[in-house]
>>> print(open('start.txt').read())   # compact mmCIF, C-alpha atoms
# COMPACT_ATOMS: atom_id res chain seq x y z
CA MET A 1 -105.69 57.45 -23.61
CA LYS A 2 -104.76 55.36 -20.63
CA LYS A 3 -106.45 52.34 -22.14
CA ASN A 4 -104.42 52.69 -25.32
CA TYR A 5 -101.16 52.82 -23.31
CA ILE A 6 -102.05 49.55 -21.52
CA ASN A 7 -102.73 47.79 -24.83
CA GLN A 8 -99.37 48.86 -26.19
CA LYS A 9 -97.62 47.63 -23.04
CA THR A 10 -99.39 44.28 -23.28
CA MET A 11 -98.41 43.85 -26.94
CA GLN A 12 -94.72 44.51 -26.11
CA ASN A 13 -94.76 41.80 -23.40
CA ILE A 14 -96.32 39.31 -25.79
CA SER A 15 -93.61 40.05 -28.38
CA VAL A 16 -90.84 39.45 -25.86
CA ILE A 17 -92.34 36.12 -24.75
CA ALA A 18 -92.75 34.99 -28.36
CA PHE A 19 -89.13 35.87 -29.20
CA ALA A 20 -87.87 33.94 -26.16
CA SER A 21 -89.93 30.91 -27.18
CA ILE A 22 -88.39 30.92 -30.66
CA ILE A 23 -84.88 31.01 -29.18
CA LEU A 24 -85.63 28.17 -26.75
CA THR A 25 -87.17 26.08 -29.51
CA SER A 26 -84.14 26.51 -31.78
CA CYS A 27 -81.75 25.59 -28.94
CA GLY A 28 -83.76 22.60 -27.68
CA GLY A 29 -83.96 20.96 -31.10
CA GLY A 30 -86.97 18.84 -30.26
CA GLY A 31 -87.58 18.67 -26.58
CA GLU A 32 -86.11 16.40 -23.94
CA GLU A 33 -86.83 13.21 -25.84
CA GLY A 34 -85.00 14.37 -28.97
CA GLY A 35 -82.00 15.62 -26.93
CA ALA A 36 -81.61 12.30 -25.14
CA GLU A 37 -81.70 10.46 -28.44
CA ASN A 38 -78.84 12.55 -29.90
CA SER A 39 -76.71 12.05 -26.75
CA ASP A 40 -77.12 8.27 -26.94
CA SER A 41 -76.08 8.11 -30.62
CA THR A 42 -72.90 10.13 -29.93
CA SER A 43 -71.95 7.80 -27.07
CA VAL A 44 -72.46 4.72 -29.24
CA ALA A 45 -70.30 6.21 -32.01
CA ARG A 46 -67.54 6.98 -29.53
CA GLU A 47 -67.61 3.45 -28.13
CA HIS A 48 -67.11 1.91 -31.57
CA HIS A 49 -64.25 4.20 -32.59
CA GLN A 50 -60.96 2.19 -32.78
CA ILE A 51 -57.47 3.73 -32.88
CA ALA A 52 -55.10 2.30 -35.47
CA VAL A 53 -51.77 1.11 -33.99
CA THR A 54 -48.88 -1.21 -34.76
CA THR A 55 -47.49 -3.65 -32.21
CA ILE A 56 -44.36 -5.57 -31.31
CA ASP A 57 -44.34 -9.00 -29.67
CA LEU A 58 -41.83 -8.97 -26.82
CA LYS A 59 -39.55 -11.85 -25.94
CA PRO A 60 -36.55 -12.12 -23.57
CA THR A 61 -33.27 -11.43 -25.37
CA ASN A 62 -29.57 -10.76 -24.82
CA PHE A 63 -28.70 -7.21 -23.82
CA SER A 64 -25.24 -5.67 -23.59
CA HIS A 65 -23.96 -2.22 -22.75
CA TYR A 66 -20.67 -0.81 -24.04
CA PHE A 67 -18.60 2.28 -23.30
CA THR A 68 -16.07 3.78 -25.69
CA VAL A 69 -12.42 4.77 -25.18
CA GLN A 70 -9.54 5.37 -27.57
CA GLY A 71 -6.56 3.05 -27.78
CA VAL A 72 -3.28 2.74 -29.69
CA VAL A 73 -1.96 -0.29 -31.58
CA GLU A 74 1.37 -1.52 -30.29
CA ALA A 75 3.73 -4.38 -31.13
CA ASP A 76 6.39 -5.89 -28.87
CA GLN A 77 8.49 -6.74 -31.91
CA ASN A 78 8.82 -3.18 -33.16
CA ALA A 79 12.41 -2.09 -32.75
CA GLN A 80 14.97 0.42 -33.95
CA LEU A 81 18.29 -1.33 -34.55
CA PHE A 82 21.50 0.52 -33.65
CA PRO A 83 25.06 -0.48 -34.60
CA GLU A 84 27.15 -1.51 -31.59
CA ALA A 85 30.34 -0.04 -33.03
CA SER A 86 31.38 2.92 -35.17
CA GLY A 87 32.50 2.33 -38.71
CA LYS A 88 31.98 2.98 -42.38
CA VAL A 89 29.04 1.12 -43.93
CA THR A 90 30.37 -1.39 -46.46
CA SER A 91 27.14 -3.17 -47.42
CA ILE A 92 23.38 -3.08 -46.87
CA LEU A 93 22.00 -6.50 -47.66
CA VAL A 94 18.23 -5.83 -47.48
CA LYS A 95 15.65 -3.39 -48.84
CA GLU A 96 12.80 -1.53 -47.19
CA GLY A 97 9.66 -3.69 -47.11
CA GLU A 98 11.65 -6.93 -47.27
CA MET A 99 10.81 -9.78 -44.89
CA VAL A 100 13.81 -11.12 -42.97
CA THR A 101 14.38 -13.96 -40.53
CA LYS A 102 15.89 -13.91 -37.07
CA GLY A 103 19.71 -13.74 -37.22
CA GLN A 104 19.84 -12.61 -40.85
CA THR A 105 22.60 -10.07 -41.59
CA LEU A 106 21.22 -6.66 -42.54
CA MET A 107 24.33 -4.48 -42.76
CA THR A 108 28.12 -4.73 -42.45
CA MET A 109 30.71 -2.09 -41.54
CA ASP A 110 34.45 -1.84 -42.16
CA SER A 111 36.21 -4.11 -39.64
CA ARG A 112 39.57 -4.65 -41.38
CA ILE A 113 41.63 -3.61 -38.37
CA VAL A 114 39.95 -6.16 -36.15
CA ALA A 115 40.21 -8.80 -38.90
CA GLU A 116 43.99 -8.26 -39.15
CA GLN A 117 44.31 -8.62 -35.38
CA ILE A 118 42.37 -11.87 -35.55
CA ASN A 119 44.59 -13.28 -38.30
CA GLU A 120 47.74 -12.40 -36.34
CA LEU A 121 46.35 -13.94 -33.18
CA LYS A 122 45.36 -17.12 -34.99
CA THR A 123 48.99 -17.55 -36.10
CA ARG A 124 50.26 -17.08 -32.55
CA LEU A 125 47.58 -19.41 -31.26
CA THR A 126 48.65 -22.16 -33.65
CA LEU A 127 52.21 -21.97 -32.33
CA ALA A 128 51.06 -21.79 -28.71
CA LYS A 129 48.88 -24.85 -29.21
CA THR A 130 51.79 -26.83 -30.65
CA MET A 131 54.04 -25.86 -27.75
CA TYR A 132 51.38 -26.74 -25.22
CA GLU A 133 50.71 -30.15 -26.77
CA LYS A 134 54.45 -31.00 -26.78
CA GLN A 135 54.94 -29.88 -23.20
CA GLU A 136 51.88 -31.87 -22.20
CA ALA A 137 53.29 -34.98 -23.89
CA LEU A 138 56.67 -34.57 -22.18
CA TRP A 139 55.14 -33.91 -18.81
CA SER A 140 53.02 -37.03 -19.10
CA LYS A 141 56.32 -38.95 -19.38
CA GLU A 142 57.79 -36.97 -16.47
CA ILE A 143 60.20 -35.23 -18.81
CA GLY A 144 60.84 -31.53 -18.31
CA SER A 145 59.58 -29.32 -15.53
CA GLU A 146 56.03 -28.69 -14.39
CA ILE A 147 56.58 -24.95 -14.70
CA GLN A 148 57.32 -25.24 -18.42
CA TYR A 149 54.15 -27.27 -18.89
CA LEU A 150 52.02 -24.77 -16.96
CA GLN A 151 53.49 -21.79 -18.82
CA ALA A 152 52.72 -23.40 -22.20
CA LYS A 153 49.17 -24.21 -21.09
CA ASN A 154 48.56 -20.71 -19.75
CA ASN A 155 49.90 -19.06 -22.92
CA TYR A 156 47.69 -21.20 -25.13
CA GLU A 157 44.54 -20.62 -23.11
CA SER A 158 45.20 -16.86 -22.88
CA LEU A 159 45.61 -16.53 -26.65
CA GLU A 160 42.46 -18.62 -27.17
CA SER A 161 40.50 -16.26 -24.89
CA ASN A 162 41.88 -13.22 -26.72
CA LEU A 163 40.77 -14.70 -30.03
CA ASP A 164 37.22 -15.16 -28.72
CA ALA A 165 37.17 -11.52 -27.58
CA LEU A 166 38.37 -10.24 -30.96
CA GLN A 167 35.84 -12.34 -32.82
CA SER A 168 33.07 -10.95 -30.59
CA GLN A 169 34.37 -7.45 -31.30
CA GLN A 170 34.31 -8.16 -35.03
CA ALA A 171 30.64 -9.20 -34.74
CA LEU A 172 29.84 -5.68 -33.53
CA TYR A 173 30.49 -4.42 -37.06
CA THR A 174 27.56 -6.45 -38.33
CA VAL A 175 23.89 -5.57 -37.76
CA SER A 176 21.61 -8.64 -37.67
CA ALA A 177 17.85 -9.11 -37.24
CA PRO A 178 16.96 -9.87 -33.59
CA PHE A 179 13.62 -11.35 -34.70
CA SER A 180 11.76 -12.19 -37.89
CA GLY A 181 9.81 -9.33 -39.43
CA GLU A 182 9.64 -6.63 -42.07
CA VAL A 183 12.34 -4.02 -42.65
CA ASP A 184 10.31 -0.84 -42.38
CA GLU A 185 13.05 1.77 -42.56
CA ILE A 186 16.74 1.96 -43.49
CA THR A 187 18.63 5.09 -42.38
CA PRO A 188 22.31 4.88 -43.48
CA LYS A 189 23.74 4.55 -46.98
CA ILE A 190 26.77 2.63 -48.18
CA GLY A 191 29.92 4.66 -47.58
CA GLU A 192 28.48 6.68 -44.69
CA MET A 193 29.71 6.43 -41.13
CA ALA A 194 27.45 4.57 -38.74
CA ASN A 195 27.62 4.81 -34.98
CA PRO A 196 25.78 3.55 -31.89
CA MET A 197 23.99 6.90 -31.49
CA MET A 198 22.12 6.66 -34.79
CA ALA A 199 19.46 4.04 -35.61
CA ALA A 200 20.22 2.07 -38.75
CA PHE A 201 16.98 0.10 -39.23
CA ARG A 202 13.41 -0.20 -38.00
CA LEU A 203 12.23 -3.81 -37.91
CA ILE A 204 8.57 -4.70 -37.26
CA ASN A 205 6.75 -7.99 -36.84
CA MET A 206 3.03 -7.24 -37.27
CA ASN A 207 1.79 -10.78 -36.64
CA ASP A 208 1.60 -10.16 -32.89
CA VAL A 209 0.00 -6.76 -32.18
CA TYR A 210 -2.24 -5.48 -29.42
CA VAL A 211 -4.09 -2.38 -28.28
CA LYS A 212 -3.50 -0.43 -25.09
CA ALA A 213 -5.95 2.11 -23.72
CA ASP A 214 -6.49 4.24 -20.62
CA VAL A 215 -9.81 3.55 -18.87
CA THR A 216 -11.24 5.71 -16.10
CA GLU A 217 -11.18 4.06 -12.68
CA MET A 218 -14.99 4.13 -12.36
CA TYR A 219 -15.02 1.04 -14.63
CA MET A 220 -12.47 -0.89 -12.53
CA SER A 221 -15.16 -3.06 -10.92
CA LYS A 222 -17.29 -3.35 -14.06
CA ILE A 223 -14.84 -5.01 -16.45
CA LYS A 224 -12.49 -7.96 -16.24
CA ALA A 225 -10.11 -10.03 -18.35
CA GLY A 226 -12.07 -11.96 -20.97
CA ASP A 227 -14.79 -9.34 -21.46
CA SER A 228 -15.88 -8.74 -25.05
CA VAL A 229 -14.59 -5.68 -26.93
CA ILE A 230 -15.31 -4.34 -30.42
CA VAL A 231 -12.32 -2.40 -31.75
CA SER A 232 -12.95 -0.07 -34.71
CA PHE A 233 -10.33 1.65 -36.84
CA PRO A 234 -12.04 4.55 -38.69
CA SER A 235 -8.93 5.38 -40.73
CA ILE A 236 -9.13 2.05 -42.58
CA ASN A 237 -12.86 1.34 -42.08
CA TYR A 238 -12.06 -1.89 -40.25
CA SER A 239 -13.33 -3.45 -37.03
CA VAL A 240 -12.53 -6.62 -35.12
CA ASN A 241 -14.01 -8.49 -32.15
CA THR A 242 -11.61 -9.36 -29.37
CA THR A 243 -11.38 -9.68 -25.58
CA ILE A 244 -9.54 -8.00 -22.74
CA THR A 245 -6.30 -9.87 -22.03
CA ARG A 246 -5.10 -7.85 -19.06
CA LEU A 247 -6.13 -5.06 -16.68
CA GLY A 248 -3.45 -2.84 -15.20
CA ASN A 249 -3.14 -2.60 -11.40
CA PHE A 250 -1.78 0.95 -11.31
CA ILE A 251 -4.09 3.98 -11.16
CA ASN A 252 -2.49 7.01 -12.80
CA PRO A 253 -2.89 9.82 -10.24
CA ASN A 254 -2.82 12.49 -12.95
CA ASN A 255 -5.94 11.36 -14.84
CA ARG A 256 -7.37 8.59 -12.60
CA THR A 257 -7.09 5.87 -15.26
CA PHE A 258 -5.69 2.36 -15.53
CA LYS A 259 -4.28 0.44 -18.51
CA VAL A 260 -6.23 -2.12 -20.50
CA LYS A 261 -4.54 -4.46 -22.98
CA LEU A 262 -6.30 -6.36 -25.78
CA GLY A 263 -4.81 -8.87 -28.19
CA LEU A 264 -5.58 -8.33 -31.89
CA PRO A 265 -5.61 -10.79 -34.79
CA ASN A 266 -3.68 -9.29 -37.68
CA SER A 267 -3.45 -11.98 -40.33
CA LYS A 268 -4.24 -9.43 -43.04
CA GLN A 269 -1.43 -7.15 -41.84
CA VAL A 270 -3.74 -4.11 -41.95
CA LEU A 271 -3.05 -2.96 -38.38
CA LYS A 272 0.03 -0.81 -37.92
CA PRO A 273 1.84 0.29 -34.75
CA ASN A 274 0.56 3.61 -33.31
CA MET A 275 -2.73 3.35 -35.24
CA LEU A 276 -5.67 4.84 -33.31
CA GLY A 277 -8.66 2.63 -32.54
CA GLU A 278 -12.01 3.07 -30.81
CA LEU A 279 -12.63 0.44 -28.14
CA ASN A 280 -16.26 -0.43 -27.37
CA ILE A 281 -15.82 -2.31 -24.11
CA ARG A 282 -18.73 -4.31 -22.72
CA ASP A 283 -19.39 -3.44 -19.09
CA TYR A 284 -22.82 -5.08 -18.74
CA HIS A 285 -24.43 -8.19 -20.19
CA SER A 286 -27.69 -10.06 -19.53
CA LYS A 287 -28.78 -13.21 -21.35
CA LYS A 288 -32.54 -12.89 -20.73
CA SER A 289 -33.71 -9.31 -20.58
CA VAL A 290 -36.86 -7.48 -21.63
CA VAL A 291 -35.57 -4.88 -24.05
CA ILE A 292 -37.59 -2.15 -25.77
CA ALA A 293 -36.86 0.95 -27.81
CA THR A 294 -36.42 4.09 -25.70
CA SER A 295 -38.84 5.89 -28.05
CA MET A 296 -41.72 3.71 -26.81
CA ILE A 297 -41.47 4.93 -23.23
CA GLN A 298 -43.83 7.65 -22.01
CA MET A 299 -43.76 9.49 -18.71
CA THR A 300 -46.37 10.85 -16.34
CA PRO A 301 -46.10 14.38 -14.90
CA SER A 302 -44.74 12.81 -11.71
CA GLY A 303 -41.94 11.07 -13.62
CA GLN A 304 -43.32 7.53 -13.71
CA GLU A 305 -42.41 5.66 -16.92
CA PHE A 306 -45.09 3.64 -18.70
CA VAL A 307 -45.95 1.91 -21.97
CA TYR A 308 -49.12 0.58 -23.56
CA ILE A 309 -49.72 -3.07 -24.30
CA VAL A 310 -52.65 -4.77 -26.07
CA GLU A 311 -54.87 -7.28 -24.29
CA GLY A 312 -57.98 -8.51 -26.09
CA GLY A 313 -58.00 -5.56 -28.47
CA ILE A 314 -57.86 -3.05 -25.60
CA ALA A 315 -54.99 -0.71 -24.82
CA LYS A 316 -53.65 -1.18 -21.29
CA LYS A 317 -51.29 1.20 -19.53
CA VAL A 318 -48.39 -0.56 -17.78
CA GLU A 319 -45.99 1.24 -15.44
CA ILE A 320 -42.38 0.08 -15.80
CA THR A 321 -38.95 0.52 -14.24
CA THR A 322 -35.98 0.72 -16.61
CA GLY A 323 -32.23 0.23 -16.33
CA ILE A 324 -29.39 1.22 -18.62
CA ASN A 325 -29.79 1.94 -22.32
CA TYR A 326 -27.50 1.48 -25.32
CA GLU A 327 -27.95 2.64 -28.90
CA GLY A 328 -31.66 3.38 -28.57
CA GLN A 329 -32.51 0.20 -26.65
CA ILE A 330 -33.25 0.05 -22.91
CA GLU A 331 -33.59 -2.81 -20.43
CA VAL A 332 -36.91 -3.08 -18.55
CA LEU A 333 -36.28 -4.19 -14.98
CA SER A 334 -39.91 -4.51 -13.84
CA GLY A 335 -43.46 -4.16 -15.17
CA LEU A 336 -43.08 -6.41 -18.22
CA SER A 337 -42.44 -10.15 -18.34
CA GLY A 338 -41.31 -10.24 -21.96
CA THR A 339 -44.39 -12.02 -23.32
CA GLU A 340 -46.60 -8.96 -23.90
CA THR A 341 -47.69 -7.33 -27.15
CA LEU A 342 -46.39 -3.79 -26.98
CA ILE A 343 -47.98 -0.88 -28.85
CA ASP A 344 -45.41 0.81 -31.08
CA LYS A 345 -46.77 3.35 -33.55
CA GLY A 346 -49.87 5.10 -32.26
CA ALA A 347 -48.96 4.63 -28.59
CA ARG A 348 -49.16 8.37 -27.95
CA SER A 349 -52.70 8.54 -29.38
CA VAL A 350 -54.31 5.99 -27.08
CA LYS A 351 -55.47 6.03 -23.50
CA ASP A 352 -55.95 3.26 -21.01
CA GLY A 353 -59.00 1.23 -22.04
CA ASP A 354 -59.23 2.42 -25.64
CA GLU A 355 -60.15 -0.09 -28.35
CA VAL A 356 -57.33 -0.46 -30.86
CA ASP A 357 -57.14 -1.64 -34.46
CA VAL A 358 -53.84 -3.47 -34.85
CA ARG A 359 -52.32 -2.86 -38.26
CA SER A 360 -49.44 -4.77 -39.75
>>> encode(input="start.txt", output="structure tokens")
Amino acid sequence: MKKNYINQKTMQNISVIAFASIILTSCGGGGEEGGAENSDSTSVAREHHQIAVTTIDLKPTNFSHYFTVQGVVEADQNAQLFPEASGKVTSILVKEGEMVTKGQTLMTMDSRIVAEQINELKTRLTLAKTMYEKQEALWSKEIGSEIQYLQAKNNYESLESNLDALQSQQALYTVSAPFSGEVDEITPKIGEMANPMMAAFRLINMNDVYVKADVTEMYMSKIKAGDSVIVSFPSINYSVNTTITRLGNFINPNNRTFKVKLGLPNSKQVLKPNMLGELNIRDYHSKKSVVIATSMIQMTPSGQEFVYIVEGGIAKKVEITTGINYEGQIEVLSGLSGTETLIDKGARSVKDGDEVDVRS
């Protein structure tokens, strides 16, 4: 009985050893030699795997940065014209939208009372002139008294001065154009009373317009007269390139801004006073900069920026330092010379030292 038990125990041990051998055989695949062969083939395949990428050839280029503020179109020759005297409107000699020249009469008012006074004074002046000339002739011959001569002279000159004053007063009943431009608005109608408290016309010359804007004082040292500006007018889908003509010297204490003035060409007459514009003012410019797209830049966990370039078909990691960016482009201050071939698409799939397949 004991002998039978030992045989059974021995058979169980043999079964366990056989089962373990099968498992080891299946895991080993073919012994040490076969395992080494498979490892070598995997390594060779990995070495010959190339990552498809696209590249960009860098070259130094111009780089500018702009900031945006809002401005308003203004015109020095944009005026409301007021009558200088009160009176009934007798004629309006222009129409809205009509171009007029400097000095042209726009409107007249009733000035009959002043006209009658002028006519009466002219009659008196004619007599006074005759008397003065006769007294002057007599006095030159030492006939008559000096007092008579001086009285005649004084009377003539006084009436002449009064006539000039009345004629100037009569001119107040006429409204004339102080400069050449377009009649934009006419307020009174013929037969209505006009007075110095009510504007009669708006006259605008749109050939000489400009834009004024408030700029925060942080840009005071970054911009100057002559700097380039792109002015856009969204309401009319129009933009124009111009330059800063003047910087204000006063800082507004309420909003910490200063005034900027820019001249505007307006040959097409599309810009109107009080029109809003967006000013893209250049505050930085470099003629030879290395500029790349911000999307190409990667960053290490420590915050170091880097990109990948291609050298001899191998991806190379290059750490860079960047400056300011504008509209998706950023200036590279160090790390790149501007002659490298930069990996664009596929840059986030490569590592330093990887072979790359450059695709067009």
>>> atom_distance(input="start.txt", atom1="CA of Gln148 (chain A)", atom2="CA of Glu120 (chain A)")
24.0 Å
>>> residues_around(input="start.txt", residues="Thr216 (chain A)", least_positions_apart="2", cutoff="7 Å", atoms="all atoms listed in the file", output="VMD selection string")
chain A and resid 214 218 to 219 256 to 258
>>> residues_around(input="start.txt", residues="Glu217 (chain A)", least_positions_apart="5", cutoff="12 Å", atoms="all atoms listed in the file", output="PDB file with C-alpha atoms, keeping the file's coordinate frame")
ATOM      1  CA  LYS A 222     -17.290  -3.350 -14.060  1.00  0.00           C
ATOM      2  CA  ILE A 223     -14.840  -5.010 -16.450  1.00  0.00           C
ATOM      3  CA  LEU A 247      -6.130  -5.060 -16.680  1.00  0.00           C
ATOM      4  CA  GLY A 248      -3.450  -2.840 -15.200  1.00  0.00           C
ATOM      5  CA  ASN A 249      -3.140  -2.600 -11.400  1.00  0.00           C
ATOM      6  CA  PHE A 250      -1.780   0.950 -11.310  1.00  0.00           C
ATOM      7  CA  ILE A 251      -4.090   3.980 -11.160  1.00  0.00           C
ATOM      8  CA  ASN A 252      -2.490   7.010 -12.800  1.00  0.00           C
ATOM      9  CA  PRO A 253      -2.890   9.820 -10.240  1.00  0.00           C
ATOM     10  CA  ASN A 254      -2.820  12.490 -12.950  1.00  0.00           C
ATOM     11  CA  ASN A 255      -5.940  11.360 -14.840  1.00  0.00           C
ATOM     12  CA  ARG A 256      -7.370   8.590 -12.600  1.00  0.00           C
ATOM     13  CA  THR A 257      -7.090   5.870 -15.260  1.00  0.00           C
ATOM     14  CA  PHE A 258      -5.690   2.360 -15.530  1.00  0.00           C
ATOM     15  CA  LYS A 259      -4.280   0.440 -18.510  1.00  0.00           C
ATOM     16  CA  VAL A 260      -6.230  -2.120 -20.500  1.00  0.00           C
TER      17      VAL A 260
END
>>> closest_residue(input="start.txt", among="A:Ser86, A:Ser228, A:Thr123, A:Asn155", to="Leu172 (chain A)", atoms="only C-alpha atoms")
A:Ser86
>>> atom_distance(input="start.txt", atom1="CA of Asn237 (chain A)", atom2="CA of Tyr326 (chain A)")
22.3 Å
>>> residues_near_point(input="start.txt", point="(34.5, 0.7, -47.1)", cutoff="7 Å", atoms="only C-alpha atoms", output="compact mmCIF listing (two decimals) with C-alpha atoms, in the coordinates of the input")
# COMPACT_ATOMS: atom_id res chain seq x y z
CA LYS A 88 31.98 2.98 -42.38
CA VAL A 89 29.04 1.12 -43.93
CA THR A 90 30.37 -1.39 -46.46
CA ASP A 110 34.45 -1.84 -42.16
CA GLY A 191 29.92 4.66 -47.58
>>> atom_distance(input="start.txt", atom1="CA of Ala128 (chain A)", atom2="CA of Tyr173 (chain A)")
28.2 Å
>>> closest_atom_pairs(input="start.txt", of="region 201-284 of chain A", to="region 67-76 of chain A", cutoff="8 Å", atoms="only C-alpha atoms", output="JSON lines")
{"residue": "A:Ile204", "atom": "CA", "partner": "A:Ala75", "partner_atom": "CA", "distance": 7.8}
{"residue": "A:Asn205", "atom": "CA", "partner": "A:Ala75", "partner_atom": "CA", "distance": 7.4}
{"residue": "A:Met206", "atom": "CA", "partner": "A:Ala75", "partner_atom": "CA", "distance": 6.8}
{"residue": "A:Asp208", "atom": "CA", "partner": "A:Ala75", "partner_atom": "CA", "distance": 6.4}
{"residue": "A:Val209", "atom": "CA", "partner": "A:Ala75", "partner_atom": "CA", "distance": 4.5}
{"residue": "A:Tyr210", "atom": "CA", "partner": "A:Glu74", "partner_atom": "CA", "distance": 5.4}
{"residue": "A:Val211", "atom": "CA", "partner": "A:Val73", "partner_atom": "CA", "distance": 4.4}
{"residue": "A:Lys212", "atom": "CA", "partner": "A:Gly71", "partner_atom": "CA", "distance": 5.4}
{"residue": "A:Ala213", "atom": "CA", "partner": "A:Gly71", "partner_atom": "CA", "distance": 4.2}
{"residue": "A:Asp214", "atom": "CA", "partner": "A:Gly71", "partner_atom": "CA", "distance": 7.3}
{"residue": "A:Val215", "atom": "CA", "partner": "A:Val69", "partner_atom": "CA", "distance": 6.9}
{"residue": "A:Leu271", "atom": "CA", "partner": "A:Val73", "partner_atom": "CA", "distance": 7.4}
{"residue": "A:Lys272", "atom": "CA", "partner": "A:Val73", "partner_atom": "CA", "distance": 6.7}
{"residue": "A:Pro273", "atom": "CA", "partner": "A:Glu74", "partner_atom": "CA", "distance": 4.8}
{"residue": "A:Asn274", "atom": "CA", "partner": "A:Val73", "partner_atom": "CA", "distance": 5.0}
{"residue": "A:Met275", "atom": "CA", "partner": "A:Val73", "partner_atom": "CA", "distance": 5.2}
{"residue": "A:Leu276", "atom": "CA", "partner": "A:Val72", "partner_atom": "CA", "distance": 4.8}
{"residue": "A:Gly277", "atom": "CA", "partner": "A:Gly71", "partner_atom": "CA", "distance": 5.2}
{"residue": "A:Glu278", "atom": "CA", "partner": "A:Gln70", "partner_atom": "CA", "distance": 4.7}
{"residue": "A:Leu279", "atom": "CA", "partner": "A:Val69", "partner_atom": "CA", "distance": 5.2}
{"residue": "A:Asn280", "atom": "CA", "partner": "A:Thr68", "partner_atom": "CA", "distance": 4.5}
{"residue": "A:Ile281", "atom": "CA", "partner": "A:Phe67", "partner_atom": "CA", "distance": 5.4}
{"residue": "A:Arg282", "atom": "CA", "partner": "A:Phe67", "partner_atom": "CA", "distance": 6.6}
{"residue": "A:Asp283", "atom": "CA", "partner": "A:Phe67", "partner_atom": "CA", "distance": 7.1}
>>> write_last_selection(input="start.txt", atoms="C-alpha atoms", output="mmCIF file, keeping the file's coordinate frame")
data_model
loop_
_atom_site.group_PDB
_atom_site.id
_atom_site.type_symbol
_atom_site.label_atom_id
_atom_site.label_comp_id
_atom_site.auth_asym_id
_atom_site.auth_seq_id
_atom_site.Cartn_x
_atom_site.Cartn_y
_atom_site.Cartn_z
ATOM 1 C CA ILE A 204 8.570 -4.700 -37.260
ATOM 2 C CA ASN A 205 6.750 -7.990 -36.840
ATOM 3 C CA MET A 206 3.030 -7.240 -37.270
ATOM 4 C CA ASP A 208 1.600 -10.160 -32.890
ATOM 5 C CA VAL A 209 0.000 -6.760 -32.180
ATOM 6 C CA TYR A 210 -2.240 -5.480 -29.420
ATOM 7 C CA VAL A 211 -4.090 -2.380 -28.280
ATOM 8 C CA LYS A 212 -3.500 -0.430 -25.090
ATOM 9 C CA ALA A 213 -5.950 2.110 -23.720
ATOM 10 C CA ASP A 214 -6.490 4.240 -20.620
ATOM 11 C CA VAL A 215 -9.810 3.550 -18.870
ATOM 12 C CA LEU A 271 -3.050 -2.960 -38.380
ATOM 13 C CA LYS A 272 0.030 -0.810 -37.920
ATOM 14 C CA PRO A 273 1.840 0.290 -34.750
ATOM 15 C CA ASN A 274 0.560 3.610 -33.310
ATOM 16 C CA MET A 275 -2.730 3.350 -35.240
ATOM 17 C CA LEU A 276 -5.670 4.840 -33.310
ATOM 18 C CA GLY A 277 -8.660 2.630 -32.540
ATOM 19 C CA GLU A 278 -12.010 3.070 -30.810
ATOM 20 C CA LEU A 279 -12.630 0.440 -28.140
ATOM 21 C CA ASN A 280 -16.260 -0.430 -27.370
ATOM 22 C CA ILE A 281 -15.820 -2.310 -24.110
ATOM 23 C CA ARG A 282 -18.730 -4.310 -22.720
ATOM 24 C CA ASP A 283 -19.390 -3.440 -19.090
#
>>> residues_around(input="start.txt", residues="region 289-305 of chain A", least_positions_apart="4", cutoff="9 Å", atoms="all atoms listed in the file", output="ChimeraX atom specification")
/A:58-63,318-322,325,328-334,336-339,342-345,347-348
>>> residues_near_point(input="start.txt", point="(45.8, -23.9, -28.3)", cutoff="7 Å", atoms="only C-alpha atoms", output="PDB file with C-alpha atoms, in the coordinates of the input")
ATOM      1  CA  LEU A 125      47.580 -19.410 -31.260  1.00  0.00           C
ATOM      2  CA  THR A 126      48.650 -22.160 -33.650  1.00  0.00           C
ATOM      3  CA  ALA A 128      51.060 -21.790 -28.710  1.00  0.00           C
ATOM      4  CA  LYS A 129      48.880 -24.850 -29.210  1.00  0.00           C
ATOM      5  CA  TYR A 132      51.380 -26.740 -25.220  1.00  0.00           C
ATOM      6  CA  TYR A 156      47.690 -21.200 -25.130  1.00  0.00           C
ATOM      7  CA  GLU A 157      44.540 -20.620 -23.110  1.00  0.00           C
ATOM      8  CA  GLU A 160      42.460 -18.620 -27.170  1.00  0.00           C
TER       9      GLU A 160
END
>>> axis_aligned_box(input="start.txt", around="region 242-256 of chain A", padding_each_side="5 Å", output="lines of an AutoDock Vina configuration file")
center_x = -6.7
center_y = 1.3
center_z = -19.8
size_x = 19.8
size_y = 32.4
size_z = 29.1
>>> residues_around(input="start.txt", residues="Met197 (chain A)", least_positions_apart="5", cutoff="12 Å", atoms="only C-alpha atoms", output="PyMOL selection string")
chain A and resi 80-86
>>> closest_residue(input="start.txt", among="A:His65, A:Thr174, A:Ala152, A:Thr130", to="Ser111 (chain A)", atoms="all atoms listed in the file")
A:Thr174
>>> closest_residue(input="start.txt", among="A:Gln269, A:Asn78, A:Ser145, A:Gly87", to="Met198 (chain A)", atoms="all atoms listed in the file")
A:Gly87
>>> closest_residue(input="start.txt", among="A:Ala137, A:Val114, A:Met193, A:Ala199", to="Ala171 (chain A)", atoms="all atoms listed in the file")
A:Val114
>>> closest_residue(input="start.txt", among="A:Ile190, A:Lys141, A:Asn119, A:Glu133", to="Asn162 (chain A)", atoms="only C-alpha atoms")
A:Asn119
